[in-house]
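Undergrad: The structure follows.
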Amino acid sequence: MTRALPRTRPPLAAALGLALAAALAPAGGAHADAAAEPTVTALKFTVDVGGKRCAVDADLYTPAGVDADHRAPAVLTTNGFGGDKADGSTAATARTFATRGLVSLAYSGLGFGRSGCPISLNDPAVDGRAASALVDFLAGTRAADDGTRIDLVTLDGEGDPRVGMIGGSYGGSIQLATAAEDDRVDALVPMITWNDLAYSLNPNNADQHQGVSSDTPGVHKKQWTGGFFLIGEAQGLLNPSLDPSRIGGGGCLHFVAPACDTKRVLDSGKLPKDKADQVLTYARSVSPVSYLDRVKAPTLLIQGQADTLFNLNEATATYETLKAQGVDTAMIWQSWGHSGGMRDPDSGELDLSDPDLEASYTGSRIAAWFDRYLLGKETDTGPAFAYYRDWAPASEAYATADAPPAPGRALHLSGDGALVDQPDQVVRGSREYRNWLIPTSHSESSLAGLIGLPDPKPHDLKGTALDWTTAPLTAPLDVVGAPQLRLKVVSPRAERNQDSGDAADQLVLFAKLYDVAPDGTRTLVHRLTAPARVADASRPFTVTLPGIVHRYEAGHRLRLTVAASDGAYSGNRGVKPVTVTHAPGDSGTLTLPLAQD
């Protein structure tokens, strides 16, 4: 099993980014042995975006030996949420690639560090255009505020530098936003980032119509959202500035007014059904789901299996969209994400204390991606899809496939609480659970893994959740991908109130998978759960669970739990008893995606 990050974690603001860490800077390996330290030059830019003039604080890393007669491609990188150009991940990433011979430009995203303007959640028309102005600088067609111009970067044409981008979380989505605004970007490596921020902050895993997006407002992910909001609002204290452009709107100190309004609506719990599409319009409009059709740059997506903030389904949605429109795309599911999961260095996984990219599978894939699309080498960039198996030896930790497996093996929910293989094995019967007005289930304390705090074991209070469990497995079962639950419930109060005009009156439930060991010990796989707001409780509905990579060992049992609440999320308004009925040939199903031999 994976283990949590060590106690020597970065501060919360930097940890929320979890982009690439300081240890990525080579201290050894083929590239580092012969390379000299790059020259670092602090620069300021004033950019016009979104009707405002914003200061951008940046550092240029010039590799030894690169000049006007010996040009090199460039890498542009920025911070995760709460970080800046000098944090352990952003600066180290820039230094790493400069040491490897690429011109690197690290900058503080708008609203962070000493860069101006309020936080707009990587709006392409604001943050994307600001990054595009830095591409102009790399092209040699724009000067910094002090007059500095460069002629260091390989050009594909007049004003067109050869440039890639890399970064994680907030520094991941900016790459897609920039590529949507500027087709000069040649290669992207977005790590642990989102597809639809409306889903990330207010997920509805029921009846999704496009990737992770649903027409029905979801369930407020209040712990993660609250943590980000506090970090964003604290930027004025963390980075004091008299720059008036940094003042936010809508009652917020450092967020643009639409982002502030989004948080206010989520906190209120009132989700008008007649304005369902407007509730999170801004969050969705600034998300890749809204502009991926404009992204043409080759993209290597890296997502974390231990990530309750941006789960594997988000990267899969982006991957499938880019592949469908013919963009060169590959996807890696690594072990670690915002929720921890880093394994021992000897595991072969990308380790933030290992300075050599080629020392890990993920690092070697990143190096190959830039070799191919920036350096023009005939490098094999690897398979379309790879995933990390924590049960395999280090040399075999990653398995590959043409794409994530689709759900294929169906298990049927039986009235006696069993999960059975055949419909005719279903026992007729019905069972009821009901919510309380306070949370009665616990999956995680969302920020605990980032700041080293203990987190109670997942639990569900009796009477507020229902379980269905397989018999002990006779052979290992490897689940790879997003399981799907098809369910029909009876909830008279939810049915009576579903036309109230307020989506908060609709039924909310949480579906999740446990691994039950022979001694009865339960493990909630990566502490993941699938919140679902059911628009019409009188009809069957489908819940897509977060993707997992997990081996259920022989002798273990797989358990599906449907719970009424979860402490990390908002829940039902009012007590809503729920009954699940079963009959042979007429029962719910759990369909699992299994690893292909």
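By convention here, the chains of the structure tokens are called A, B, ... in the order presented, each chain's residues are numbered starting at 1, and ligands are numbered starting at 1 in the order presented.
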Give me the residues near Arg71 of chain A as a VMD selection string, where near means some atom within 12 Å (using only C-alpha atoms) and where sequence neighbours in that chain fewer than 2 positions away do not count.

TA: chain A and resid 62 to 69 73 to 74 101 to 103 138 to 140 150 to 156 161 to 162 375

Undergrad: Suppose we keep C-alpha atoms; can you now write the selection as a PDB file, in the first residue's frame?

TA:
```pdb
ATOM      1  CA  THR A  62      20.022  31.132 -18.790  1.00  0.00           C
ATOM      2  CA  PRO A  63      22.002  27.903 -19.281  1.00  0.00           C
ATOM      3  CA  ALA A  64      25.769  28.051 -19.557  1.00  0.00           C
ATOM      4  CA  GLY A  65      26.825  28.257 -23.207  1.00  0.00           C
ATOM      5  CA  VAL A  66      23.491  29.562 -24.532  1.00  0.00           C
ATOM      6  CA  ASP A  67      23.689  32.871 -26.365  1.00  0.00           C
ATOM      7  CA  ALA A  68      22.590  34.499 -29.619  1.00  0.00           C
ATOM      8  CA  ASP A  69      24.841  32.173 -31.616  1.00  0.00           C
ATOM      9  CA  PRO A  73      14.373  25.960 -26.656  1.00  0.00           C
ATOM     10  CA  ALA A  74      12.636  27.406 -23.609  1.00  0.00           C
ATOM     11  CA  GLY A 101      20.284  23.177 -21.382  1.00  0.00           C
ATOM     12  CA  LEU A 102      16.880  24.812 -21.823  1.00  0.00           C
ATOM     13  CA  VAL A 103      16.226  28.513 -21.302  1.00  0.00           C
ATOM     14  CA  LEU A 138      11.098  34.570 -25.051  1.00  0.00           C
ATOM     15  CA  ALA A 139      10.635  35.288 -28.767  1.00  0.00           C
ATOM     16  CA  GLY A 140      12.700  38.454 -28.429  1.00  0.00           C
ATOM     17  CA  ILE A 150      16.868  38.388 -25.180  1.00  0.00           C
ATOM     18  CA  ASP A 151      17.895  36.549 -28.308  1.00  0.00           C
ATOM     19  CA  LEU A 152      18.539  33.173 -26.695  1.00  0.00           C
ATOM     20  CA  VAL A 153      15.611  30.978 -27.683  1.00  0.00           C
ATOM     21  CA  THR A 154      15.333  28.752 -30.737  1.00  0.00           C
ATOM     22  CA  LEU A 155      12.802  30.186 -33.179  1.00  0.00           C
ATOM     23  CA  ASP A 156      10.376  28.242 -35.358  1.00  0.00           C
ATOM     24  CA  PRO A 161       9.922  30.698 -29.962  1.00  0.00           C
ATOM     25  CA  ARG A 162      10.095  26.977 -29.361  1.00  0.00           C
ATOM     26  CA  LEU A 375      14.633  19.455 -29.068  1.00  0.00           C
TER      27      LEU A 375
END
```

Undergrad: Per residue of segment 74-134 of chain A within 8 Å of segment 166-187 of chain A, which atom pair is closest and at what distance in Å (one decimal), using only C-alpha atoms, listed by chain and increasing number, as a tab-separated table?

TA:
```
residue	atom	partner	partner_atom	distance
A:Val75	CA	A:Ile166	CA	7.3
A:Leu76	CA	A:Ile166	CA	6.8
A:Thr77	CA	A:Ile166	CA	5.5
A:Thr78	CA	A:Gly171	CA	5.3
A:Asn79	CA	A:Gly171	CA	5.1
A:Gly80	CA	A:Tyr170	CA	4.5
A:Phe81	CA	A:Tyr170	CA	5.3
A:Thr90	CA	A:Gly167	CA	7.5
A:Thr93	CA	A:Gly167	CA	8.0
A:Leu121	CA	A:Tyr170	CA	8.0
A:Asn122	CA	A:Ile174	CA	5.7
A:Asp123	CA	A:Ala177	CA	7.0
A:Pro124	CA	A:Ala177	CA	4.6
A:Ala125	CA	A:Glu181	CA	7.6
A:Asp127	CA	A:Ile174	CA	7.1
A:Gly128	CA	A:Thr178	CA	4.1
A:Arg129	CA	A:Glu181	CA	6.5
A:Ala131	CA	A:Thr178	CA	6.2
A:Ser132	CA	A:Asp182	CA	6.2
```

Undergrad: State, in Å with one decimal place, the distance from atom CA of Phe137 of chain A to atom CA of Val49 of chain A.

TA: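 Taking atom CA of Phe137 of chain A as the start and atom CA of Val49 of chain A as the end point, the length is 15.9 Å.
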
Undergrad: Can you work out which one of A:Gln596, A:Thr316, A:Gln484, A:Ser446 has the shortest atom-to-atom distance to Ile302 of chain A, counting only C-alpha atoms?

TA: A:Thr316

Undergrad: Skip segment 380-395 of chain A itself and residues of its chain fewer than 3 positions away, then list as a list in words all residues within 8 Å of it, counting only C-alpha atoms.

TA: Met1, Thr2, Thr329, Ala330, Met331, Ile332, Trp333, Gln334, Ser335, Asp346, Ser347, Gly348, Glu349, Arg365, Ala368, Trp369, Arg372, Tyr398, Ala399, Thr400, Ala401, Asp402, Ala403, Pro404, Val549, His550 and Arg551 of chain A

Undergrad: Can you pull out every residue within 7 Å of His459 of chain A, counting only C-alpha atoms, but drop anything in the same chain fewer than 2 positions away, and send it as a VMD selection string?

TA: chain A and resid 441 to 443 457 461

Undergrad: Please give the complete set of residues from segment 340-565 of chain A that DSSP, run on the backbone, assigns to helix (DSSP H, G or I), formatted as JSON, numbers by chain.

TA: {"A": [345, 346, 347, 357, 358, 359, 361, 362, 363, 364, 365, 366, 367, 368, 369, 370, 371, 372, 373, 394, 395, 396, 423, 424, 425, 448, 449, 450, 451, 492, 493, 494, 495, 496, 497, 503, 504, 505, 525, 526, 527]}

Undergrad: For Leu413 of chain A, work out the shell of residues within 7 Å, counting only C-alpha atoms and skipping chain neighbours fewer than 3 positions away, then give it as JSON, numbers by chain.

TA: {"A": [418, 419, 420, 426, 468, 587, 588, 589]}

Undergrad: Quick one: which segment 114-208 of chain A residues come within 12 Å of segment 503-519 of chain A, and what is the nearest atom pair for each with the distance in Å to one decimal, counting only C-alpha atoms, rows ordered by chain and ascending number, as a Markdown table?

TA:
```
| residue | atom | partner | partner_atom | distance |
| --- | --- | --- | --- | --- |
| A:Pro203 | CA | A:Phe510 | CA | 10.9 |
| A:Asn204 | CA | A:Val508 | CA | 9.4 |
| A:Asn205 | CA | A:Phe510 | CA | 9.2 |
| A:Ala206 | CA | A:Leu509 | CA | 9.8 |
```

Undergrad: From the list A:Arg294, A:Arg246, A:Lys221, A:Arg284, which residue is nearest Gly113 of chain A when using only C-alpha atoms?

TA: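 Between A:Arg294, A:Arg246, A:Lys221, A:Arg284, the residue approaching Gly113 of chain A most closely is A:Arg246.
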
Undergrad: Near segment 535-546 of chain A, counting only C-alpha atoms, which residues have an atom at most 8 Å away, once you skip same-chain residues fewer than 4 positions from it, shown as a PyMOL selection string?

TA: chain A and resi 205-208+216+311-313+481-491+494-495+498+503+506-507+511-512+528-530

Undergrad: Produce a file of the selected residues containing N, CA and C atoms, as a PDB file, in the first residue's frame.

TA:
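The resulting selection.pdb:
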```pdb
ATOM      1  N   ASN A 205     -21.264  13.380  -9.214  1.00  0.00           N
ATOM      2  CA  ASN A 205     -20.853  12.190  -9.943  1.00  0.00           C
ATOM      3  C   ASN A 205     -22.038  11.425 -10.519  1.00  0.00           C
ATOM      4  N   ALA A 206     -23.232  12.021 -10.451  1.00  0.00           N
ATOM      5  CA  ALA A 206     -24.429  11.382 -11.003  1.00  0.00           C
ATOM      6  C   ALA A 206     -24.749  11.948 -12.376  1.00  0.00           C
ATOM      7  N   ASP A 207     -25.009  11.034 -13.323  1.00  0.00           N
ATOM      8  CA  ASP A 207     -25.498  11.411 -14.652  1.00  0.00           C
ATOM      9  C   ASP A 207     -24.660  12.506 -15.304  1.00  0.00           C
ATOM     10  N   GLN A 208     -23.351  12.291 -15.345  1.00  0.00           N
ATOM     11  CA  GLN A 208     -22.458  13.240 -16.004  1.00  0.00           C
ATOM     12  C   GLN A 208     -22.649  13.137 -17.516  1.00  0.00           C
ATOM     13  N   THR A 216     -26.625  19.114 -13.288  1.00  0.00           N
ATOM     14  CA  THR A 216     -27.178  19.313 -11.949  1.00  0.00           C
ATOM     15  C   THR A 216     -26.074  19.773 -11.008  1.00  0.00           C
ATOM     16  N   ASN A 311      -9.260  14.416  -9.052  1.00  0.00           N
ATOM     17  CA  ASN A 311      -9.100  12.969  -9.151  1.00  0.00           C
ATOM     18  C   ASN A 311      -8.758  12.526 -10.569  1.00  0.00           C
ATOM     19  N   LEU A 312      -8.555  11.231 -10.739  1.00  0.00           N
ATOM     20  CA  LEU A 312      -8.134  10.689 -12.031  1.00  0.00           C
ATOM     21  C   LEU A 312      -9.149  10.947 -13.131  1.00  0.00           C
ATOM     22  N   ASN A 313     -10.428  11.054 -12.772  1.00  0.00           N
ATOM     23  CA  ASN A 313     -11.463  11.272 -13.785  1.00  0.00           C
ATOM     24  C   ASN A 313     -11.269  12.597 -14.505  1.00  0.00           C
ATOM     25  N   GLY A 481      -9.311   2.203 -13.087  1.00  0.00           N
ATOM     26  CA  GLY A 481     -10.238   3.112 -13.742  1.00  0.00           C
ATOM     27  C   GLY A 481     -11.393   3.476 -12.831  1.00  0.00           C
ATOM     28  N   ALA A 482     -12.454   4.010 -13.433  1.00  0.00           N
ATOM     29  CA  ALA A 482     -13.580   4.559 -12.690  1.00  0.00           C
ATOM     30  C   ALA A 482     -14.751   3.586 -12.683  1.00  0.00           C
ATOM     31  N   PRO A 483     -15.055   2.950 -11.533  1.00  0.00           N
ATOM     32  CA  PRO A 483     -16.235   2.082 -11.448  1.00  0.00           C
ATOM     33  C   PRO A 483     -17.521   2.889 -11.625  1.00  0.00           C
ATOM     34  N   GLN A 484     -18.597   2.202 -12.014  1.00  0.00           N
ATOM     35  CA  GLN A 484     -19.896   2.853 -12.180  1.00  0.00           C
ATOM     36  C   GLN A 484     -20.954   2.112 -11.374  1.00  0.00           C
ATOM     37  N   LEU A 485     -21.770   2.875 -10.665  1.00  0.00           N
ATOM     38  CA  LEU A 485     -22.870   2.337  -9.869  1.00  0.00           C
ATOM     39  C   LEU A 485     -24.186   2.742 -10.514  1.00  0.00           C
ATOM     40  N   ARG A 486     -25.014   1.751 -10.807  1.00  0.00           N
ATOM     41  CA  ARG A 486     -26.367   2.018 -11.310  1.00  0.00           C
ATOM     42  C   ARG A 486     -27.329   1.672 -10.185  1.00  0.00           C
ATOM     43  N   LEU A 487     -28.151   2.645  -9.778  1.00  0.00           N
ATOM     44  CA  LEU A 487     -28.931   2.479  -8.563  1.00  0.00           C
ATOM     45  C   LEU A 487     -30.322   3.069  -8.734  1.00  0.00           C
ATOM     46  N   LYS A 488     -31.293   2.462  -8.057  1.00  0.00           N
ATOM     47  CA  LYS A 488     -32.664   2.985  -7.948  1.00  0.00           C
ATOM     48  C   LYS A 488     -33.007   3.014  -6.463  1.00  0.00           C
ATOM     49  N   VAL A 489     -33.484   4.154  -5.985  1.00  0.00           N
ATOM     50  CA  VAL A 489     -33.832   4.286  -4.575  1.00  0.00           C
ATOM     51  C   VAL A 489     -35.265   4.785  -4.442  1.00  0.00           C
ATOM     52  N   VAL A 490     -35.790   4.676  -3.240  1.00  0.00           N
ATOM     53  CA  VAL A 490     -37.097   5.241  -2.907  1.00  0.00           C
ATOM     54  C   VAL A 490     -36.873   6.244  -1.782  1.00  0.00           C
ATOM     55  N   SER A 491     -37.159   7.523  -2.048  1.00  0.00           N
ATOM     56  CA  SER A 491     -36.980   8.588  -1.062  1.00  0.00           C
ATOM     57  C   SER A 491     -38.143   9.564  -1.187  1.00  0.00           C
ATOM     58  N   ALA A 494     -37.511  13.352  -0.769  1.00  0.00           N
ATOM     59  CA  ALA A 494     -36.757  13.938  -1.885  1.00  0.00           C
ATOM     60  C   ALA A 494     -37.643  14.089  -3.103  1.00  0.00           C
ATOM     61  N   GLU A 495     -38.512  13.110  -3.347  1.00  0.00           N
ATOM     62  CA  GLU A 495     -39.411  13.182  -4.504  1.00  0.00           C
ATOM     63  C   GLU A 495     -40.416  14.316  -4.339  1.00  0.00           C
ATOM     64  N   GLN A 498     -38.479  17.740  -4.902  1.00  0.00           N
ATOM     65  CA  GLN A 498     -37.572  17.945  -6.028  1.00  0.00           C
ATOM     66  C   GLN A 498     -38.034  19.048  -6.979  1.00  0.00           C
ATOM     67  N   ALA A 503     -32.175  23.289  -5.638  1.00  0.00           N
ATOM     68  CA  ALA A 503     -31.482  22.008  -5.783  1.00  0.00           C
ATOM     69  C   ALA A 503     -31.025  21.451  -4.444  1.00  0.00           C
ATOM     70  N   GLN A 506     -32.840  18.408  -3.164  1.00  0.00           N
ATOM     71  CA  GLN A 506     -32.688  17.127  -3.824  1.00  0.00           C
ATOM     72  C   GLN A 506     -31.883  16.159  -2.953  1.00  0.00           C
ATOM     73  N   LEU A 507     -31.969  14.881  -3.290  1.00  0.00           N
ATOM     74  CA  LEU A 507     -31.273  13.843  -2.543  1.00  0.00           C
ATOM     75  C   LEU A 507     -29.768  13.913  -2.801  1.00  0.00           C
ATOM     76  N   ALA A 511     -21.061   7.537  -2.645  1.00  0.00           N
ATOM     77  CA  ALA A 511     -20.716   6.143  -2.949  1.00  0.00           C
ATOM     78  C   ALA A 511     -19.206   5.969  -2.871  1.00  0.00           C
ATOM     79  N   LYS A 512     -18.764   4.831  -2.318  1.00  0.00           N
ATOM     80  CA  LYS A 512     -17.320   4.616  -2.141  1.00  0.00           C
ATOM     81  C   LYS A 512     -17.034   3.130  -2.037  1.00  0.00           C
ATOM     82  N   LEU A 528     -11.169   8.069  -1.253  1.00  0.00           N
ATOM     83  CA  LEU A 528     -11.984   8.664  -2.308  1.00  0.00           C
ATOM     84  C   LEU A 528     -13.458   8.327  -2.106  1.00  0.00           C
ATOM     85  N   THR A 529     -14.298   9.300  -2.409  1.00  0.00           N
ATOM     86  CA  THR A 529     -15.746   9.086  -2.386  1.00  0.00           C
ATOM     87  C   THR A 529     -16.369   9.829  -3.554  1.00  0.00           C
ATOM     88  N   ALA A 530     -17.575   9.400  -3.936  1.00  0.00           N
ATOM     89  CA  ALA A 530     -18.267  10.000  -5.077  1.00  0.00           C
ATOM     90  C   ALA A 530     -19.533  10.693  -4.601  1.00  0.00           C
TER      91      ALA A 530
END
```

Undergrad: Using only C-alpha atoms, which residues sit within 10 Å of Ala283 of chain A once same-chain residues fewer than 3 positions away are excluded, as a VMD selection string?

TA: chain A and resid 120 to 123 196 to 202 258 to 259 262 to 263 278 to 280 286 to 287 290

Undergrad: May I have the residues from that selection written out with C-alpha atoms, as an mmCIF file, in the first residue's frame?

TA:
```
data_model
loop_
_atom_site.group_PDB
_atom_site.id
_atom_site.type_symbol
_atom_site.label_atom_id
_atom_site.label_comp_id
_atom_site.auth_asym_id
_atom_site.auth_seq_id
_atom_site.Cartn_x
_atom_site.Cartn_y
_atom_site.Cartn_z
ATOM 1 C CA SER A 120 -8.926 34.807 -11.501
ATOM 2 C CA LEU A 121 -8.486 31.005 -11.336
ATOM 3 C CA ASN A 122 -6.441 30.842 -14.542
ATOM 4 C CA ASP A 123 -8.915 32.564 -16.817
ATOM 5 C CA ASP A 196 -13.756 21.320 -14.785
ATOM 6 C CA LEU A 197 -13.351 23.435 -11.655
ATOM 7 C CA ALA A 198 -17.121 23.343 -11.206
ATOM 8 C CA TYR A 199 -16.739 19.585 -10.669
ATOM 9 C CA SER A 200 -13.590 19.932 -8.549
ATOM 10 C CA LEU A 201 -15.227 22.293 -6.047
ATOM 11 C CA ASN A 202 -18.856 21.140 -6.319
ATOM 12 C CA PRO A 258 -17.059 36.154 -10.183
ATOM 13 C CA ALA A 259 -14.795 33.817 -8.213
ATOM 14 C CA THR A 262 -18.974 31.437 -6.657
ATOM 15 C CA LYS A 263 -17.629 30.865 -3.151
ATOM 16 C CA GLN A 278 -25.347 29.789 -13.726
ATOM 17 C CA VAL A 279 -24.411 28.551 -10.266
ATOM 18 C CA LEU A 280 -20.871 27.640 -11.274
ATOM 19 C CA VAL A 286 -12.209 29.327 -16.798
ATOM 20 C CA SER A 287 -11.673 25.541 -16.881
ATOM 21 C CA SER A 290 -14.596 25.125 -21.865
#
```

Undergrad: In Å to one decimal, how far is atom CA of Val575 of chain A from atom CA of Val534 of chain A?

TA: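 Straight-line distance from atom CA of Val534 of chain A to atom CA of Val575 of chain A works out to 15.1 Å.
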
Undergrad: Among segment 71-263 of chain A, which residues carry a DSSP assignment of strand (DSSP E), reported as JSON, numbers by chain?

TA: {"A": [74, 75, 76, 77, 78, 103, 104, 105, 106, 107, 155, 156, 157, 160, 161, 163, 164, 165, 166, 167, 168, 185, 186, 187, 188, 189, 190, 191]}

Undergrad: Any chance you can output those residues with N, CA and C atoms as a PDB file, in the first residue's frame?

TA:
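Saved to part.pdb:
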```pdb
ATOM      1  N   ALA A  74      12.940  26.819 -24.919  1.00  0.00           N
ATOM      2  CA  ALA A  74      12.636  27.406 -23.609  1.00  0.00           C
ATOM      3  C   ALA A  74      11.551  26.607 -22.892  1.00  0.00           C
ATOM      4  N   VAL A  75      11.554  26.752 -21.565  1.00  0.00           N
ATOM      5  CA  VAL A  75      10.515  26.185 -20.709  1.00  0.00           C
ATOM      6  C   VAL A  75       9.952  27.318 -19.848  1.00  0.00           C
ATOM      7  N   LEU A  76       8.627  27.403 -19.822  1.00  0.00           N
ATOM      8  CA  LEU A  76       7.931  28.402 -19.019  1.00  0.00           C
ATOM      9  C   LEU A  76       7.209  27.675 -17.884  1.00  0.00           C
ATOM     10  N   THR A  77       7.372  28.166 -16.651  1.00  0.00           N
ATOM     11  CA  THR A  77       6.733  27.484 -15.521  1.00  0.00           C
ATOM     12  C   THR A  77       6.268  28.502 -14.491  1.00  0.00           C
ATOM     13  N   THR A  78       5.181  28.156 -13.815  1.00  0.00           N
ATOM     14  CA  THR A  78       4.664  29.005 -12.758  1.00  0.00           C
ATOM     15  C   THR A  78       4.208  28.153 -11.585  1.00  0.00           C
ATOM     16  N   VAL A 103      16.487  27.203 -21.891  1.00  0.00           N
ATOM     17  CA  VAL A 103      16.226  28.513 -21.302  1.00  0.00           C
ATOM     18  C   VAL A 103      14.928  28.402 -20.494  1.00  0.00           C
ATOM     19  N   SER A 104      14.959  28.835 -19.246  1.00  0.00           N
ATOM     20  CA  SER A 104      13.786  28.674 -18.382  1.00  0.00           C
ATOM     21  C   SER A 104      13.333  30.018 -17.841  1.00  0.00           C
ATOM     22  N   LEU A 105      12.036  30.217 -17.847  1.00  0.00           N
ATOM     23  CA  LEU A 105      11.455  31.436 -17.298  1.00  0.00           C
ATOM     24  C   LEU A 105      10.406  31.032 -16.269  1.00  0.00           C
ATOM     25  N   ALA A 106      10.688  31.317 -15.003  1.00  0.00           N
ATOM     26  CA  ALA A 106       9.758  31.046 -13.907  1.00  0.00           C
ATOM     27  C   ALA A 106       9.105  32.359 -13.501  1.00  0.00           C
ATOM     28  N   TYR A 107       7.788  32.323 -13.299  1.00  0.00           N
ATOM     29  CA  TYR A 107       7.117  33.561 -12.908  1.00  0.00           C
ATOM     30  C   TYR A 107       6.041  33.285 -11.870  1.00  0.00           C
ATOM     31  N   LEU A 155      14.020  29.679 -32.550  1.00  0.00           N
ATOM     32  CA  LEU A 155      12.802  30.186 -33.179  1.00  0.00           C
ATOM     33  C   LEU A 155      12.314  29.220 -34.251  1.00  0.00           C
ATOM     34  N   ASP A 156      10.993  29.019 -34.283  1.00  0.00           N
ATOM     35  CA  ASP A 156      10.376  28.242 -35.358  1.00  0.00           C
ATOM     36  C   ASP A 156       9.909  29.150 -36.491  1.00  0.00           C
ATOM     37  N   GLY A 157       9.976  30.433 -36.263  1.00  0.00           N
ATOM     38  CA  GLY A 157       9.593  31.442 -37.239  1.00  0.00           C
ATOM     39  C   GLY A 157       9.724  32.790 -36.573  1.00  0.00           C
ATOM     40  N   ASP A 160       8.226  33.467 -33.090  1.00  0.00           N
ATOM     41  CA  ASP A 160       7.666  32.187 -32.646  1.00  0.00           C
ATOM     42  C   ASP A 160       8.748  31.350 -31.983  1.00  0.00           C
ATOM     43  N   PRO A 161       8.895  31.472 -30.660  1.00  0.00           N
ATOM     44  CA  PRO A 161       9.922  30.698 -29.962  1.00  0.00           C
ATOM     45  C   PRO A 161       9.472  29.255 -29.776  1.00  0.00           C
ATOM     46  N   VAL A 163       8.846  26.675 -27.292  1.00  0.00           N
ATOM     47  CA  VAL A 163       8.668  26.773 -25.852  1.00  0.00           C
ATOM     48  C   VAL A 163       7.707  25.698 -25.351  1.00  0.00           C
ATOM     49  N   GLY A 164       8.072  25.095 -24.235  1.00  0.00           N
ATOM     50  CA  GLY A 164       7.203  24.158 -23.534  1.00  0.00           C
ATOM     51  C   GLY A 164       6.828  24.718 -22.182  1.00  0.00           C
ATOM     52  N   MET A 165       5.842  24.076 -21.557  1.00  0.00           N
ATOM     53  CA  MET A 165       5.413  24.488 -20.221  1.00  0.00           C
ATOM     54  C   MET A 165       5.303  23.256 -19.332  1.00  0.00           C
ATOM     55  N   ILE A 166       5.570  23.455 -18.042  1.00  0.00           N
ATOM     56  CA  ILE A 166       5.458  22.368 -17.076  1.00  0.00           C
ATOM     57  C   ILE A 166       5.102  22.966 -15.722  1.00  0.00           C
ATOM     58  N   GLY A 167       4.346  22.224 -14.919  1.00  0.00           N
ATOM     59  CA  GLY A 167       3.982  22.655 -13.581  1.00  0.00           C
ATOM     60  C   GLY A 167       2.826  21.828 -13.075  1.00  0.00           C
ATOM     61  N   GLY A 168       2.491  21.994 -11.802  1.00  0.00           N
ATOM     62  CA  GLY A 168       1.464  21.171 -11.206  1.00  0.00           C
ATOM     63  C   GLY A 168       0.343  21.964 -10.583  1.00  0.00           C
ATOM     64  N   VAL A 185       2.898  27.807 -28.296  1.00  0.00           N
ATOM     65  CA  VAL A 185       3.354  26.861 -27.285  1.00  0.00           C
ATOM     66  C   VAL A 185       3.465  25.475 -27.913  1.00  0.00           C
ATOM     67  N   ASP A 186       4.613  24.811 -27.729  1.00  0.00           N
ATOM     68  CA  ASP A 186       4.927  23.586 -28.476  1.00  0.00           C
ATOM     69  C   ASP A 186       4.746  22.293 -27.688  1.00  0.00           C
ATOM     70  N   ALA A 187       4.730  22.340 -26.367  1.00  0.00           N
ATOM     71  CA  ALA A 187       4.617  21.114 -25.574  1.00  0.00           C
ATOM     72  C   ALA A 187       4.148  21.469 -24.177  1.00  0.00           C
ATOM     73  N   LEU A 188       3.264  20.630 -23.618  1.00  0.00           N
ATOM     74  CA  LEU A 188       2.707  20.853 -22.290  1.00  0.00           C
ATOM     75  C   LEU A 188       2.904  19.614 -21.422  1.00  0.00           C
ATOM     76  N   VAL A 189       3.166  19.848 -20.126  1.00  0.00           N
ATOM     77  CA  VAL A 189       3.191  18.756 -19.144  1.00  0.00           C
ATOM     78  C   VAL A 189       2.390  19.213 -17.924  1.00  0.00           C
ATOM     79  N   PRO A 190       1.052  19.184 -17.999  1.00  0.00           N
ATOM     80  CA  PRO A 190       0.225  19.570 -16.844  1.00  0.00           C
ATOM     81  C   PRO A 190       0.154  18.415 -15.845  1.00  0.00           C
ATOM     82  N   MET A 191       0.471  18.699 -14.591  1.00  0.00           N
ATOM     83  CA  MET A 191       0.469  17.693 -13.533  1.00  0.00           C
ATOM     84  C   MET A 191      -0.638  17.989 -12.522  1.00  0.00           C
TER      85      MET A 191
END
```

Undergrad: Pick the closest to Gly567 of chain A from A:Val479, A:Ile438, A:Leu453, A:Leu253: which is it, counting only C-alpha atoms?

TA: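 So, comparing all the options, the nearest one is A:Ile438.
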
Undergrad: Considering only C-alpha atoms, can you say which of A:Pro288, A:Gly50, A:Pro38, A:Gly227 comes closest to Ser445 of chain A?

TA: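 Counting only C-alpha atoms, the residue closest to Ser445 of chain A is A:Gly227.
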
Undergrad: Considering only C-alpha atoms, can you say which of A:Arg557, A:Pro472, A:Thr39, A:Arg100 comes closest to Ala367 of chain A?

TA: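 For Ala367 of chain A, the nearest of the candidates is A:Arg100.
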